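Here is the structure we will look at, set down as structure tokens.
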Amino acid sequence: MHDLKKIRQNPEIFKEALKKRGFDYDIDHLLEMDEKRRKLIAEAQILQEQRNKLSKEIGFLLKEKKDANEVIRKVKEISNRIPEIEKEIEELEAKISQDLSQIPNIPAEDVPFGKDENDNVVVRTWGEPRKFDFDPLPHWEIGRISGLYDPERAVKIAKSRFVLTYGALAELERALINFMLDQHTKVNGYTEVMVPYLVNESTMYGTGQLPKFRDELFICERDNLYLIPTAEVPVTNLYREEILNIDDLPKKFVSYTACFRREAGSYGKDTKGMIRVHQFNKVELVKFSLPEKSYEELESLTNDAESILKILGLPYRVILLCTGDLGFSASKTYDIEVWLPSYNGYKEISSCSNFEDFQARRMNIRFKRDRNSKPEFVHTLNGSGLAVGRTVAAILENYQTKDGNVQIPEALREYMKGKKYLFSN
RNA sequence: GGAGGGAUGGCCGAGUGGACGAAGGCGGCGGUCUUGAAAACCGCAGUGGGUGAUGAGCCCACCGGGGGUUCAAAUCCCUCUCCCUCCGCCA
């Protein structure tokens with residue numbers, strides 16, 4: 001959500017930025033509505049002022065037992081005109097905020113111009129994709145051969161695009177969750193938070209899942225609750241409608257949750273395996289930052305997410321999204337993509353974004369520089385650290401052995417009773 | 001699920017339809033006193049919006065949300081949401 005005042009002050013900046021994003025919108029029309037709105041507000045307030053003054057007068061007159069009928073008649077006349085104007089203001093405001101809520105965030109200055117994902121820029125690449133001296137299997141085949149991956153029964157008890165694993169495969173996923181949480185809390189300085197998986201409507205509006213992305217959500221209609229598509233939703237909403245202390249910034253949280261997505265419109269894409277599913281595990285990083293520090297924080301957050309892949313020894317690259325591929329609320333986004341032999345390419349495993357004050361304004365999350373200064377909006381950031389299901393897939397594929405086993409990355413062994421290979425003992 | 005009680009500033013907590021943006025206390029900030037601190041005393045402090053210049057000032061709105069009654073609502077009425085207590089059920 002943008003600040004109407006800022007748009008009013010720098011309309012050209014917004015026009016330019018939206019053009020870069022390929023978003024067509026008539027800023028001038030918005031400003032016309034705003035001007036009309038302000039004129040009406042001034043008008044209504046003058047009438048309210050008159051009404052307030054005369055009403056007080058009535059109080060005095062009655063106290064002194066004097067006749068107030070003439071004044072009452074006058075006030076009534078004034079009061080009658082107020083609702084009309086207010087109705088007009090309300091309609092305008094509804095239209096304005098409706099429009100405003102459709103306008104995407106403006107890209108940061110160093111975001112490359114581009115039309116779609118083909119114009120994204122590779123920022124850095126880490127690790128060499130392994131050269132196999134045998135034909136590597138996709139992770140779903142490895143899982144199936146081990147007998148520990150059971151999509152059929154997942155379909156039976158839920159529906160397609162659900163995952164079910166047993167034994168060592170389940171253990172691997174649990175180990176990864178613990179490893180990631182330990183790394184982010186003990187080494188990278190995040191505070192772990194465990195949050196509700198079901199949230200209310202206001203929370204979904206706060207981070208922008210509603211109203212635009214309703215189709216992507218699982219909904220518990222009876223109780224008016226929604227299953228979270230990412231921990232970003234409950235965690236960023238922690239401080240909705242609050243004013244934070246400047247000394248507490250930045251606030252850094254890491255949260256493991258299951259995530260639920262309907263994946264509407266993705267039929268036929270990534271249908272096999274655990275890459276695109278309705279329920280998956282994710283460890284999420286969320287930061288609340290000072291405005292002037294948020295881009296620094298984005299770099300370190302991205303590094304924190306990368307550190308997991310480095311320690312696990314999984315080759316990856318970091319992509320800077322271009323203006324055309326940027327998500328609705330983000331000012332700048334790095335995608336981290338892990339090497340997957342079955343795709344013979346890189347696949348997204350984390351997306352790290354700075355939203356500047358776009359989400360904070362919507363959620364009204366502010367801080368004060370000191371006692372007497374005006375509250376300002378914080379900047380919010382988040383990124384996966386990492387998507388756990390996809391990390392499982394990456395480990396299976398990248399660490400598979402010729403005889404159908406999977407080597408366990410060194411750092412993970414202490415989380416798996418010291419085992420070196422997944423399917424043994 | 002049943003019965004009842006609540007929601008007021010950073011926190012606690014008063015509040016009679018008319019000078020209430022709201023007593024009092026705690027906490028905060030500034031000062032006096034003190035070598036320093038504490039105590040005591042004095043003073044300052046909400047949020048959003050309109051108009052000014054992103055200043056001062058003036059004005060409007062805000063006592064959980066929405067609606068209503070009234071010249072006038074924190075106060076009366078309706079409604080929704082949330083919280084609490086007791087009973088029932090339950091991991």
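Starting from 1 in every chain, residues are counted up; chains themselves are A, B, ... following the order of the structure tokens, and ligands are numbered from 1 as listed.
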*At a cut-off of 7 Å, list the chain B residues touching chain A, using only C-alpha atoms (C1' of nucleotides), as a PyMOL selection string.*
chain B and resi 18+50+60+71-72
*asked:* as a VMD selection string, please: every residue in stretch 193-291 of chain A that a backbone DSSP assignment puts in helix (DSSP H, G or I).
replied: chain A and resid 201 to 206 214 to 216 221 to 223 232 to 239 246 to 248 291
*How far is it from atom CA of A:Lys252 to atom CA of A:Thr125, in Å with one decimal?*
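So the answer is 26.2 Å.
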*Could you give me the residues within stretch 7-221 of chain A that DSSP places in strand (DSSP E or B), as a PyMOL selection string?*
chain A and resi 121-126+149+165+191-192+198-199+219-220
*Using only C-alpha atoms (C1' of nucleotides), which residues sit within 12 Å of B:U85 once same-chain residues fewer than 2 positions away are excluded, as a PyMOL selection string?*
chain B and resi 3-6+83+87
*Pick from A:Gln50, A:Ala158, A:Arg317, A:Leu169, whichever lies nearest to B:C59 using only C-alpha atoms (C1' of nucleotides)*: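 Of A:Gln50, A:Ala158, A:Arg317, A:Leu169, the one nearest B:C59, counting only C-alpha atoms (C1' of nucleotides), is A:Gln50.
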*Could you pull the residues within 8 Å of A:Leu181, counting only C-alpha atoms (C1' of nucleotides), minus those fewer than 3 positions along the same chain, as a PyMOL selection string?*
chain A and resi 177-178+184-185+192+254-256+283
*asked:* Show me, as an NGL selection string, the residues that have an atom within 8 Å of stretch 348-359 of chain A when counting only C-alpha atoms (C1' of nucleotides), minus same-chain residues fewer than 6 positions from it.
replied: :A and (1-2 or 105 or 206-208 or 291 or 294-295 or 298 or 301-302 or 305 or 329-338 or 377-387 or 390-391)
_Selection: 12 Å around B:U32, only C-alpha atoms (C1' of nucleotides), excl. self and same-chain fewer than 5 positions, as a ChimeraX atom specification_ = /B:40-43
*What lies within 9 Å of A:Arg276 using only C-alpha atoms (C1' of nucleotides), ignoring chain neighbours under 4 positions off, as a ChimeraX atom specification?*
/A:161,263,266,269-272,280,390
